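start.cif, holding mmCIF, C-alpha atoms (C1' of nucleotides):
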data_run
#
loop_
_atom_site.label_atom_id
_atom_site.label_comp_id
_atom_site.auth_asym_id
_atom_site.auth_seq_id
_atom_site.Cartn_x
_atom_site.Cartn_y
_atom_site.Cartn_z
CA MET A 1 45.80 114.49 276.02
CA SER A 2 44.22 113.04 272.96
CA ILE A 3 42.48 115.63 270.87
CA PRO A 4 38.71 115.53 270.85
CA GLY A 5 36.71 115.60 267.62
CA PRO A 6 36.02 118.84 265.80
CA ASP A 7 32.72 119.42 267.56
CA ALA A 8 33.72 118.40 271.05
CA THR A 9 32.36 120.58 273.78
CA PRO A 10 35.43 122.61 274.76
CA ARG A 11 36.87 124.57 271.85
CA TRP A 12 40.31 123.07 271.43
CA LEU A 13 43.35 124.62 269.80
CA THR A 14 44.18 124.78 266.10
CA ASP A 15 47.36 123.14 264.94
CA ASP A 16 49.30 126.39 264.80
CA GLN A 17 48.01 127.36 268.19
CA GLN A 18 48.97 124.00 269.62
CA ARG A 19 52.49 124.25 268.27
CA ALA A 20 52.86 127.87 269.34
CA TRP A 21 51.61 127.00 272.78
CA ARG A 22 53.97 124.12 273.39
CA ALA A 23 56.99 126.01 272.14
CA LEU A 24 56.07 129.08 274.15
CA LEU A 25 55.53 127.06 277.28
CA ALA A 26 58.83 125.27 277.04
CA PHE A 27 60.59 128.54 276.36
CA VAL A 28 59.15 130.49 279.25
CA THR A 29 60.01 127.70 281.66
CA ARG A 30 63.59 127.64 280.46
CA LEU A 31 63.66 131.42 280.52
CA ASP A 32 62.53 131.67 284.12
CA ASP A 33 64.92 128.98 285.23
CA HIS A 34 67.84 130.50 283.39
CA LEU A 35 67.32 134.02 284.68
CA ASP A 36 66.60 132.99 288.24
CA ARG A 37 69.60 130.73 288.38
CA GLN A 38 71.99 133.29 286.94
CA LEU A 39 70.84 136.07 289.24
CA GLN A 40 70.67 133.90 292.32
CA ARG A 41 74.16 132.60 291.70
CA ASP A 42 75.86 135.84 290.68
CA ALA A 43 73.88 138.48 292.54
CA GLY A 44 72.13 136.73 295.40
CA MET A 45 68.63 137.64 294.31
CA PRO A 46 65.84 136.04 292.32
CA HIS A 47 64.64 137.62 289.10
CA ALA A 48 61.53 139.06 290.74
CA TYR A 49 63.67 141.03 293.15
CA TYR A 50 65.88 142.30 290.37
CA GLN A 51 62.78 143.66 288.67
CA VAL A 52 61.81 145.49 291.84
CA LEU A 53 65.21 147.16 292.03
CA ALA A 54 65.17 147.94 288.30
CA MET A 55 61.76 149.61 288.41
CA LEU A 56 62.68 151.65 291.45
CA SER A 57 65.90 152.78 289.81
CA GLU A 58 63.94 154.34 286.96
CA ALA A 59 61.39 156.11 289.13
CA PRO A 60 61.69 159.75 290.21
CA ASP A 61 63.70 159.88 293.44
CA ARG A 62 64.06 156.12 293.03
CA THR A 63 60.78 155.94 294.91
CA LEU A 64 57.47 154.30 294.10
CA ARG A 65 54.31 153.64 295.97
CA MET A 66 53.82 149.95 296.73
CA SER A 67 50.76 149.68 294.52
CA GLN A 68 52.54 151.32 291.57
CA LEU A 69 55.57 149.14 292.11
CA ALA A 70 53.35 146.08 292.18
CA ASP A 71 51.85 147.19 288.91
CA ALA A 72 55.23 147.93 287.32
CA THR A 73 56.54 144.49 288.27
CA THR A 74 53.32 142.64 287.48
CA SER A 75 53.18 141.25 290.97
CA SER A 76 50.49 140.77 293.56
CA PRO A 77 50.41 143.07 296.59
CA SER A 78 51.31 140.15 298.79
CA ARG A 79 54.24 139.05 296.70
CA LEU A 80 55.59 142.57 296.56
CA SER A 81 55.16 143.07 300.28
CA HIS A 82 57.17 139.95 301.04
CA ALA A 83 59.77 140.92 298.45
CA VAL A 84 60.25 144.41 299.82
CA ALA A 85 60.51 143.00 303.34
CA ARG A 86 63.32 140.77 302.15
CA LEU A 87 65.04 143.56 300.23
CA GLU A 88 64.78 145.75 303.31
CA GLU A 89 66.66 143.14 305.34
CA LYS A 90 69.42 143.30 302.76
CA GLY A 91 69.50 147.08 303.04
CA TRP A 92 68.62 147.52 299.37
CA VAL A 93 65.20 149.11 299.81
CA ARG A 94 63.68 151.29 302.52
CA ARG A 95 60.03 151.91 303.34
CA ASP A 96 58.74 155.45 303.88
CA ARG A 97 55.28 156.64 304.74
CA HIS A 98 53.24 158.24 302.00
CA PRO A 99 53.09 162.00 302.63
CA THR A 100 49.35 162.46 302.11
CA ASP A 101 47.61 159.09 301.96
CA ARG A 102 48.35 157.49 305.26
CA ARG A 103 47.40 154.04 304.05
CA GLY A 104 50.17 154.20 301.50
CA ALA A 105 53.76 153.08 301.78
CA LEU A 106 56.64 154.19 299.59
CA ALA A 107 59.44 151.89 298.57
CA VAL A 108 62.75 153.71 298.16
CA LEU A 109 65.85 152.26 296.54
CA THR A 110 68.87 152.82 298.79
CA ASP A 111 72.36 153.59 297.51
CA ALA A 112 73.40 150.08 298.44
CA GLY A 113 70.43 148.79 296.46
CA PHE A 114 71.41 150.87 293.47
CA ASP A 115 74.96 149.54 293.68
CA ALA A 116 73.67 145.98 293.88
CA LEU A 117 71.59 146.59 290.78
CA VAL A 118 74.47 148.11 288.85
CA ALA A 119 76.63 145.17 289.80
CA ALA A 120 73.98 142.66 288.75
CA ALA A 121 72.89 144.29 285.50
CA PRO A 122 75.63 143.23 283.07
CA GLY A 123 75.37 139.56 283.95
CA HIS A 124 71.62 139.71 283.76
CA VAL A 125 71.57 141.41 280.37
CA ALA A 126 74.06 138.85 279.12
CA ALA A 127 71.75 136.07 280.29
CA VAL A 128 68.80 137.67 278.52
CA ARG A 129 70.76 137.97 275.30
CA GLU A 130 72.04 134.45 275.59
CA VAL A 131 68.67 132.85 276.02
CA LEU A 132 66.68 135.12 273.71
CA PHE A 133 68.11 137.88 271.55
CA ASP A 134 71.26 136.18 270.37
CA ARG A 135 69.02 133.55 268.82
CA LEU A 136 66.74 135.94 266.94
CA ASP A 137 67.24 138.23 263.97
CA ASP A 138 65.84 141.75 263.79
CA GLU A 139 62.65 140.73 262.10
CA GLN A 140 61.91 138.09 264.67
CA VAL A 141 62.47 140.64 267.41
CA ARG A 142 59.98 142.95 265.71
CA SER A 143 57.40 140.16 265.54
CA LEU A 144 57.97 139.42 269.18
CA ARG A 145 57.53 143.04 270.12
CA ASP A 146 54.38 143.40 268.03
CA VAL A 147 52.75 140.31 269.43
CA PHE A 148 53.49 140.97 273.07
CA GLU A 149 52.67 144.64 272.91
CA ALA A 150 49.34 143.57 271.44
CA LEU A 151 48.91 141.38 274.50
CA GLU A 152 49.44 144.16 276.97
CA PRO A 153 46.48 144.42 279.31
CA ASP A 154 43.75 146.92 278.46
CA ARG A 155 44.14 149.70 280.95
CA MET B 1 68.17 151.39 285.03
CA SER B 2 69.38 154.30 283.03
CA ILE B 3 70.83 153.25 279.71
CA PRO B 4 74.57 153.47 279.38
CA GLY B 5 76.24 155.14 276.40
CA PRO B 6 76.62 153.32 273.11
CA ASP B 7 80.08 152.04 273.98
CA ALA B 8 79.48 151.05 277.57
CA THR B 9 81.06 147.79 278.58
CA PRO B 10 78.05 145.46 278.70
CA ARG B 11 76.27 145.26 275.37
CA TRP B 12 72.84 146.67 276.15
CA LEU B 13 69.59 146.07 274.27
CA THR B 14 68.34 147.85 271.16
CA ASP B 15 65.13 149.75 271.39
CA ASP B 16 63.07 147.00 269.79
CA GLN B 17 64.69 144.44 272.02
CA GLN B 18 64.00 146.53 275.08
CA ARG B 19 60.36 146.90 274.19
CA ALA B 20 59.98 143.26 273.24
CA TRP B 21 61.65 142.25 276.48
CA ARG B 22 59.45 144.32 278.74
CA ALA B 23 56.26 143.27 277.04
CA LEU B 24 57.29 139.62 277.05
CA LEU B 25 58.24 139.74 280.70
CA ALA B 26 54.98 141.30 281.78
CA PHE B 27 53.07 138.80 279.70
CA VAL B 28 54.75 135.68 281.00
CA THR B 29 54.23 136.79 284.57
CA ARG B 30 50.55 137.34 283.96
CA LEU B 31 50.37 134.08 282.07
CA ASP B 32 51.88 132.03 284.87
CA ASP B 33 49.70 133.68 287.45
CA HIS B 34 46.56 133.25 285.42
CA LEU B 35 47.12 129.59 284.63
CA ASP B 36 48.24 128.65 288.11
CA ARG B 37 45.33 130.41 289.70
CA GLN B 38 42.73 128.88 287.41
CA LEU B 39 44.04 125.36 287.79
CA GLN B 40 44.60 125.62 291.51
CA ARG B 41 41.11 126.96 292.02
CA ASP B 42 39.21 124.66 289.67
CA ALA B 43 41.29 121.48 289.68
CA GLY B 44 43.39 121.55 292.82
CA MET B 45 46.74 121.45 291.07
CA PRO B 46 49.32 123.94 289.90
CA HIS B 47 50.12 124.29 286.22
CA ALA B 48 53.35 122.33 286.54
CA TYR B 49 51.43 119.30 287.80
CA TYR B 50 48.91 119.60 285.00
CA GLN B 51 51.77 119.41 282.54
CA VAL B 52 53.03 116.26 284.18
CA LEU B 53 49.63 114.60 283.83
CA ALA B 54 49.27 115.87 280.27
CA MET B 55 52.62 114.50 279.14
CA LEU B 56 51.98 111.15 280.77
CA SER B 57 48.57 110.92 279.13
CA GLU B 58 50.19 111.14 275.70
CA ALA B 59 52.90 108.58 276.36
CA PRO B 60 52.64 104.89 275.43
CA ASP B 61 50.97 103.05 278.31
CA ARG B 62 50.67 106.46 279.96
CA THR B 63 54.11 105.76 281.31
CA LEU B 64 57.36 107.67 281.13
CA ARG B 65 60.72 107.36 282.73
CA MET B 66 61.39 110.14 285.22
CA SER B 67 64.19 111.60 283.16
CA GLN B 68 62.07 111.67 280.01
CA LEU B 69 59.17 113.16 281.89
CA ALA B 70 61.46 115.83 283.30
CA ASP B 71 62.58 116.62 279.79
CA ALA B 72 59.05 116.70 278.40
CA THR B 73 57.91 119.08 281.10
CA THR B 74 61.07 121.21 281.06
CA SER B 75 61.60 120.60 284.72
CA SER B 76 64.56 119.77 286.91
CA PRO B 77 64.91 116.23 288.29
CA SER B 78 64.31 117.56 291.76
CA ARG B 79 61.20 119.48 290.85
CA LEU B 80 59.77 116.49 289.06
CA SER B 81 60.59 114.16 291.91
CA HIS B 82 58.74 116.37 294.38
CA ALA B 83 55.89 116.80 291.94
CA VAL B 84 55.45 113.09 291.37
CA ALA B 85 55.60 112.48 295.11
CA ARG B 86 52.72 114.90 295.54
CA LEU B 87 50.75 113.44 292.65
CA GLU B 88 51.28 110.01 294.11
CA GLU B 89 49.69 111.12 297.38
CA LYS B 90 46.69 112.23 295.39
CA GLY B 91 46.55 108.85 293.67
CA TRP B 92 47.01 110.40 290.24
CA VAL B 93 50.39 108.92 289.46
CA ARG B 94 52.13 105.72 290.47
CA ARG B 95 55.85 104.89 290.49
CA ASP B 96 57.06 101.63 289.01
CA ARG B 97 60.56 100.26 288.80
CA HIS B 98 62.27 100.32 285.43
CA PRO B 99 62.35 96.76 284.04
CA THR B 100 66.02 96.70 283.02
CA ASP B 101 67.82 99.73 284.44
CA ARG B 102 67.44 99.38 288.16
CA ARG B 103 68.36 103.01 288.79
CA GLY B 104 65.37 104.11 286.78
CA ALA B 105 61.87 104.87 287.92
CA LEU B 106 58.75 104.96 285.79
CA ALA B 107 55.92 107.37 286.37
CA VAL B 108 52.55 105.92 285.43
CA LEU B 109 49.34 107.90 285.09
CA THR B 110 46.56 106.16 287.04
CA ASP B 111 42.95 106.06 285.91
CA ALA B 112 42.09 108.54 288.62
CA GLY B 113 44.87 110.76 287.28
CA PHE B 114 43.52 110.51 283.78
CA ASP B 115 40.06 111.42 285.02
CA ALA B 116 41.44 114.40 286.89
CA LEU B 117 43.19 115.54 283.73
CA VAL B 118 40.08 115.15 281.62
CA ALA B 119 38.10 117.11 284.17
CA ALA B 120 40.69 119.88 284.30
CA ALA B 121 41.39 120.21 280.59
CA PRO B 122 38.44 122.29 279.37
CA GLY B 123 38.88 124.98 281.99
CA HIS B 124 42.59 125.06 281.35
CA VAL B 125 42.22 125.38 277.61
CA ALA B 126 39.68 128.13 278.13
CA ALA B 127 42.18 129.97 280.32
CA VAL B 128 44.88 129.63 277.67
CA ARG B 129 42.57 130.98 275.01
CA GLU B 130 41.44 133.81 277.22
CA VAL B 131 44.89 135.06 278.06
CA LEU B 132 46.51 134.36 274.70
CA PHE B 133 44.78 133.09 271.61
CA ASP B 134 41.57 135.07 271.84
CA ARG B 135 43.71 138.19 271.65
CA LEU B 136 45.70 137.19 268.56
CA ASP B 137 44.78 136.80 264.90
CA ASP B 138 46.04 133.94 262.76
CA GLU B 139 49.07 135.78 261.52
CA GLN B 140 50.17 136.71 264.99
CA VAL B 141 49.82 133.08 266.03
CA ARG B 142 52.05 132.08 263.12
CA SER B 143 54.67 134.65 264.16
CA LEU B 144 54.53 133.34 267.68
CA ARG B 145 54.95 129.77 266.52
CA ASP B 146 57.85 130.66 264.23
CA VAL B 147 59.72 132.61 266.85
CA PHE B 148 59.36 130.12 269.66
CA GLU B 149 60.04 127.12 267.52
CA ALA B 150 63.23 128.89 266.47
CA LEU B 151 64.07 129.17 270.14
CA GLU B 152 63.70 125.49 270.84
CA PRO B 153 66.89 124.13 272.36
CA ASP B 154 69.41 122.53 270.02
CA ARG B 155 69.25 118.87 270.73
"C1'" DT C 1 87.48 91.40 288.55
"C1'" DC C 2 88.02 95.79 290.48
"C1'" DC C 3 87.82 100.61 290.50
"C1'" DT C 4 86.63 104.94 288.85
"C1'" DA C 5 83.62 108.00 286.64
"C1'" DG C 6 79.23 108.95 285.25
"C1'" DT C 7 73.98 108.55 285.36
"C1'" DG C 8 69.30 108.44 287.55
"C1'" DG C 9 66.80 109.76 291.07
"C1'" DT C 10 65.60 111.30 295.93
"C1'" DT C 11 65.85 114.08 300.11
"C1'" DG C 12 65.71 118.07 303.42
"C1'" DA C 13 66.45 122.74 304.42
"C1'" DA C 14 65.96 127.35 302.86
"C1'" DC C 15 63.43 130.42 300.23
"C1'" DT C 16 59.57 132.40 297.48
"C1'" DC C 17 54.84 132.71 296.43
"C1'" DT C 18 49.77 132.12 297.16
"C1'" DC C 19 45.64 132.52 299.62
"C1'" DA C 20 42.73 134.14 303.12
"C1'" DA C 21 42.22 137.03 306.81
"C1'" DC C 22 43.07 141.24 308.68
"C1'" DA C 23 44.12 146.25 310.09
"C1'" DA C 24 44.08 150.90 308.92
"C1'" DG C 25 42.70 154.66 306.20
"C1'" DT C 26 39.78 156.94 302.67
"C1'" DT C 27 35.53 157.87 299.98
"C1'" DA C 28 30.81 158.40 299.14
"C1'" DC C 29 26.36 158.70 300.62
"C1'" DT C 30 22.72 160.08 303.74
"C1'" DA D 1 28.77 163.87 311.35
"C1'" DG D 2 28.11 159.02 310.77
"C1'" DT D 3 28.51 154.92 308.48
"C1'" DA D 4 29.02 151.50 304.83
"C1'" DA D 5 31.94 150.25 301.13
"C1'" DC D 6 36.16 150.29 299.13
"C1'" DT D 7 41.36 150.72 298.92
"C1'" DT D 8 46.07 149.93 300.53
"C1'" DG D 9 49.11 147.13 302.42
"C1'" DT D 10 50.65 143.40 305.72
"C1'" DT D 11 50.77 138.86 307.87
"C1'" DG D 12 51.11 133.75 308.62
"C1'" DA D 13 50.37 129.27 307.16
"C1'" DG D 14 50.68 126.09 303.47
"C1'" DA D 15 52.57 124.67 299.14
"C1'" DG D 16 56.08 124.49 295.36
"C1'" DT D 17 60.92 125.12 293.89
"C1'" DT D 18 65.93 125.29 294.36
"C1'" DC D 19 70.32 123.79 295.74
"C1'" DA D 20 73.54 120.71 297.52
"C1'" DA D 21 74.33 116.43 299.28
"C1'" DC D 22 73.50 111.92 298.84
"C1'" DC D 23 72.55 106.78 297.53
"C1'" DA D 24 72.15 103.25 294.15
"C1'" DC D 25 73.25 101.59 290.01
"C1'" DT D 26 75.71 101.27 285.34
"C1'" DA D 27 79.57 101.69 282.13
"C1'" DG D 28 84.22 101.70 280.80
"C1'" DG D 29 88.52 100.76 281.32
"C1'" DA D 30 93.01 98.63 283.66
#
structure tokens encoding of this file:
Amino acid sequence: MSIPGPDATPRWLTDDQQRAWRALLAFVTRLDDHLDRQLQRDAGMPHAYYQVLAMLSEAPDRTLRMSQLADATTSSPSRLSHAVARLEEKGWVRRDRHPTDRRGALAVLTDAGFDALVAAAPGHVAAVREVLFDRLDDEQVRSLRDVFEALEPDR
Amino acid sequence: MSIPGPDATPRWLTDDQQRAWRALLAFVTRLDDHLDRQLQRDAGMPHAYYQVLAMLSEAPDRTLRMSQLADATTSSPSRLSHAVARLEEKGWVRRDRHPTDRRGALAVLTDAGFDALVAAAPGHVAAVREVLFDRLDDEQVRSLRDVFEALEPDR
DNA sequence: TCCTAGTGGTTGAACTCTCAACAAGTTACT
DNA sequence: AGTAACTTGTTGAGAGTTCAACCACTAGGA
């Protein structure tokens, strides 16, 4: 796209914003590809599914309500529902009924699911380091943390 | 995942890294969703296809070899091939043969494709601002630029 | 020239995700 | 109690992406 004049109708991006945007975009694409490929190859699951297992593993009783799990993994209800269905087939997650709210469903990490997560974790962490943290010094990591924590959604 | 002891086999993440990682992950998921949804709704194309049109629009003669276009959009050959096939159906991109290397294919942005891009751009830029730049001050944008430019792949 | 290795690009099947529609249950109001 | 509005979660079809296999062409030697 050619850049419109300074008073063009849509507010465009400043030079810094433009550069930040392009670099960010290229990075996140590579990031997604890298993580998905590594996990799919070495652990038989996409990154989104790994996140589901990881969040469940941290929850009390390794159990979370679907809506909370969706929130924790930043995923839509539909996406999560499909994901849990798939993870159930693999025997890594089980669905229970919510004890009081009968609309609700609880996702529970099985022992097999926990084992799969433990097996997948080292390779995944290595991939994260490789693509991100091994290329940044401490100050850059702090900047990154500050910026993205500032971008966390208003609750 | 519970965090293993300081000398556990896989090098884990420091606290800052952990926080940066979680915040970044949540953000990029929301980012992708937000951009895809806006473009799909308002312009009938996913974000990846917008990027294809955008890169072509900046190229000489609005033409790029498939491999270069794949590189510019950080996409795999396969992804790009499917994408261009779809954009061709819409009449937004055309494929030409490469003049000298007969393996090569050239992707050319059509006038209709350019118009579609121009129509889509303001809404897209607004979405980018909304989810990112409107929430950051100038210094944060500079940090962002510095960090992600540092992460650009070694050529 | 011939042959091998490498490059550029496409294809189809399998898988994930989105969107819209839906079912079931809960809440709030009258 | 009755009912309208909202919440929770699922489903199926359509669309995009991945992976592996493949074809066509080029390059670099014997």
Give as a PyMOL selection string every residue of chain A that touches chain B within 8 Å, counting all atoms listed in the file.
-> chain A and resi 1-2+10-13+16-17+19-21+23-24+26-30+54-55+57-58+73-75+122+125-126+132-133+135-136+140-152
Got time to write the residues from that selection, C-alpha atoms, as a tab-separated table (two decimals), in the frame of the given file?
chain	number	residue	atom	x	y	z
A	1	MET	CA	45.80	114.49	276.02
A	2	SER	CA	44.22	113.04	272.96
A	10	PRO	CA	35.43	122.61	274.76
A	11	ARG	CA	36.87	124.57	271.85
A	12	TRP	CA	40.31	123.07	271.43
A	13	LEU	CA	43.35	124.62	269.80
A	16	ASP	CA	49.30	126.39	264.80
A	17	GLN	CA	48.01	127.36	268.19
A	19	ARG	CA	52.49	124.25	268.27
A	20	ALA	CA	52.86	127.87	269.34
A	21	TRP	CA	51.61	127.00	272.78
A	23	ALA	CA	56.99	126.01	272.14
A	24	LEU	CA	56.07	129.08	274.15
A	26	ALA	CA	58.83	125.27	277.04
A	27	PHE	CA	60.59	128.54	276.36
A	28	VAL	CA	59.15	130.49	279.25
A	29	THR	CA	60.01	127.70	281.66
A	30	ARG	CA	63.59	127.64	280.46
A	54	ALA	CA	65.17	147.94	288.30
A	55	MET	CA	61.76	149.61	288.41
A	57	SER	CA	65.90	152.78	289.81
A	58	GLU	CA	63.94	154.34	286.96
A	73	THR	CA	56.54	144.49	288.27
A	74	THR	CA	53.32	142.64	287.48
A	75	SER	CA	53.18	141.25	290.97
A	122	PRO	CA	75.63	143.23	283.07
A	125	VAL	CA	71.57	141.41	280.37
A	126	ALA	CA	74.06	138.85	279.12
A	132	LEU	CA	66.68	135.12	273.71
A	133	PHE	CA	68.11	137.88	271.55
A	135	ARG	CA	69.02	133.55	268.82
A	136	LEU	CA	66.74	135.94	266.94
A	140	GLN	CA	61.91	138.09	264.67
A	141	VAL	CA	62.47	140.64	267.41
A	142	ARG	CA	59.98	142.95	265.71
A	143	SER	CA	57.40	140.16	265.54
A	144	LEU	CA	57.97	139.42	269.18
A	145	ARG	CA	57.53	143.04	270.12
A	146	ASP	CA	54.38	143.40	268.03
A	147	VAL	CA	52.75	140.31	269.43
A	148	PHE	CA	53.49	140.97	273.07
A	149	GLU	CA	52.67	144.64	272.91
A	150	ALA	CA	49.34	143.57	271.44
A	151	LEU	CA	48.91	141.38	274.50
A	152	GLU	CA	49.44	144.16	276.97
Using only C-alpha atoms (C1' of nucleotides), I'd like a table of the residues in chain D that come within 10 Å of stretch 15-30 of chain C; for each, show the closest atom pair and its distance in Å rounded to one decimal, ordered by chain and ascending number, as JSON lines.
{"residue": "D:DG2", "atom": "C1'", "partner": "C:DT30", "partner_atom": "C1'", "distance": 8.9}
{"residue": "D:DT3", "atom": "C1'", "partner": "C:DC29", "partner_atom": "C1'", "distance": 9.0}
{"residue": "D:DA4", "atom": "C1'", "partner": "C:DC29", "partner_atom": "C1'", "distance": 8.8}
{"residue": "D:DA5", "atom": "C1'", "partner": "C:DA28", "partner_atom": "C1'", "distance": 8.5}
{"residue": "D:DC6", "atom": "C1'", "partner": "C:DT27", "partner_atom": "C1'", "distance": 7.7}
{"residue": "D:DT7", "atom": "C1'", "partner": "C:DT26", "partner_atom": "C1'", "distance": 7.4}
{"residue": "D:DT8", "atom": "C1'", "partner": "C:DG25", "partner_atom": "C1'", "distance": 8.1}
{"residue": "D:DG9", "atom": "C1'", "partner": "C:DA24", "partner_atom": "C1'", "distance": 9.0}
{"residue": "D:DT10", "atom": "C1'", "partner": "C:DA23", "partner_atom": "C1'", "distance": 8.4}
{"residue": "D:DT11", "atom": "C1'", "partner": "C:DC22", "partner_atom": "C1'", "distance": 8.1}
{"residue": "D:DG12", "atom": "C1'", "partner": "C:DA21", "partner_atom": "C1'", "distance": 9.6}
{"residue": "D:DA13", "atom": "C1'", "partner": "C:DC19", "partner_atom": "C1'", "distance": 9.5}
{"residue": "D:DG14", "atom": "C1'", "partner": "C:DT18", "partner_atom": "C1'", "distance": 8.8}
{"residue": "D:DA15", "atom": "C1'", "partner": "C:DT18", "partner_atom": "C1'", "distance": 8.2}
{"residue": "D:DG16", "atom": "C1'", "partner": "C:DC17", "partner_atom": "C1'", "distance": 8.4}
{"residue": "D:DT17", "atom": "C1'", "partner": "C:DT16", "partner_atom": "C1'", "distance": 8.2}
{"residue": "D:DT18", "atom": "C1'", "partner": "C:DC15", "partner_atom": "C1'", "distance": 8.2}
Return as JSON the centre and edge lengths, in Å with one decimal, of the box along x, y and z that encloses every atom of stretch 5-22 of chain D in the file, padded by 6 Å per side.
{"center_x": 53.1, "center_y": 131.3, "center_z": 301.3, "size_x": 54.4, "size_y": 50.8, "size_z": 26.7}
Please identify every residue of chain B that has at least one atom no more than 9 Å from any atom of chain C, counting only C-alpha atoms (C1' of nucleotides), and report them as a ChimeraX atom specification.
-> /B:37,66-67,77-78,81-82,103-105
Find the distance between atom CA of A:Tyr50 and atom CA of A:Ala127 and write it in Å to one decimal.
->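 One can read the atom CA of A:Tyr50 to atom CA of A:Ala127 distance as 13.2 Å.
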Quote the spacing between atom CA of A:Leu106 and atom CA of A:Leu64 in Å to one decimal place.
->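 About the pair atom CA of A:Leu106 and atom CA of A:Leu64: they are 5.6 Å apart.
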Gap from atom CA of A:Val93 to atom CA of A:Val108 - Å, one decimal =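 Atom-to-atom, atom CA of A:Val93 to atom CA of A:Val108, that is 5.5 Å.
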Let me know the residues the PyMOL selection byres ((chain B and resi 84) around 9) catches in the file above, as an MDAnalysis selection string.
-> chainID B and resid 49 52 79:83 85:89 92:95 107
Just write the chosen residues, C-alpha atoms, as a PDB file, in the coordinates of the input.
ATOM      1  CA  TYR B  49      51.430 119.300 287.800  1.00  0.00           C
ATOM      2  CA  VAL B  52      53.030 116.260 284.180  1.00  0.00           C
ATOM      3  CA  ARG B  79      61.200 119.480 290.850  1.00  0.00           C
ATOM      4  CA  LEU B  80      59.770 116.490 289.060  1.00  0.00           C
ATOM      5  CA  SER B  81      60.590 114.160 291.910  1.00  0.00           C
ATOM      6  CA  HIS B  82      58.740 116.370 294.380  1.00  0.00           C
ATOM      7  CA  ALA B  83      55.890 116.800 291.940  1.00  0.00           C
ATOM      8  CA  ALA B  85      55.600 112.480 295.110  1.00  0.00           C
ATOM      9  CA  ARG B  86      52.720 114.900 295.540  1.00  0.00           C
ATOM     10  CA  LEU B  87      50.750 113.440 292.650  1.00  0.00           C
ATOM     11  CA  GLU B  88      51.280 110.010 294.110  1.00  0.00           C
ATOM     12  CA  GLU B  89      49.690 111.120 297.380  1.00  0.00           C
ATOM     13  CA  TRP B  92      47.010 110.400 290.240  1.00  0.00           C
ATOM     14  CA  VAL B  93      50.390 108.920 289.460  1.00  0.00           C
ATOM     15  CA  ARG B  94      52.130 105.720 290.470  1.00  0.00           C
ATOM     16  CA  ARG B  95      55.850 104.890 290.490  1.00  0.00           C
ATOM     17  CA  ALA B 107      55.920 107.370 286.370  1.00  0.00           C
TER      18      ALA B 107
END
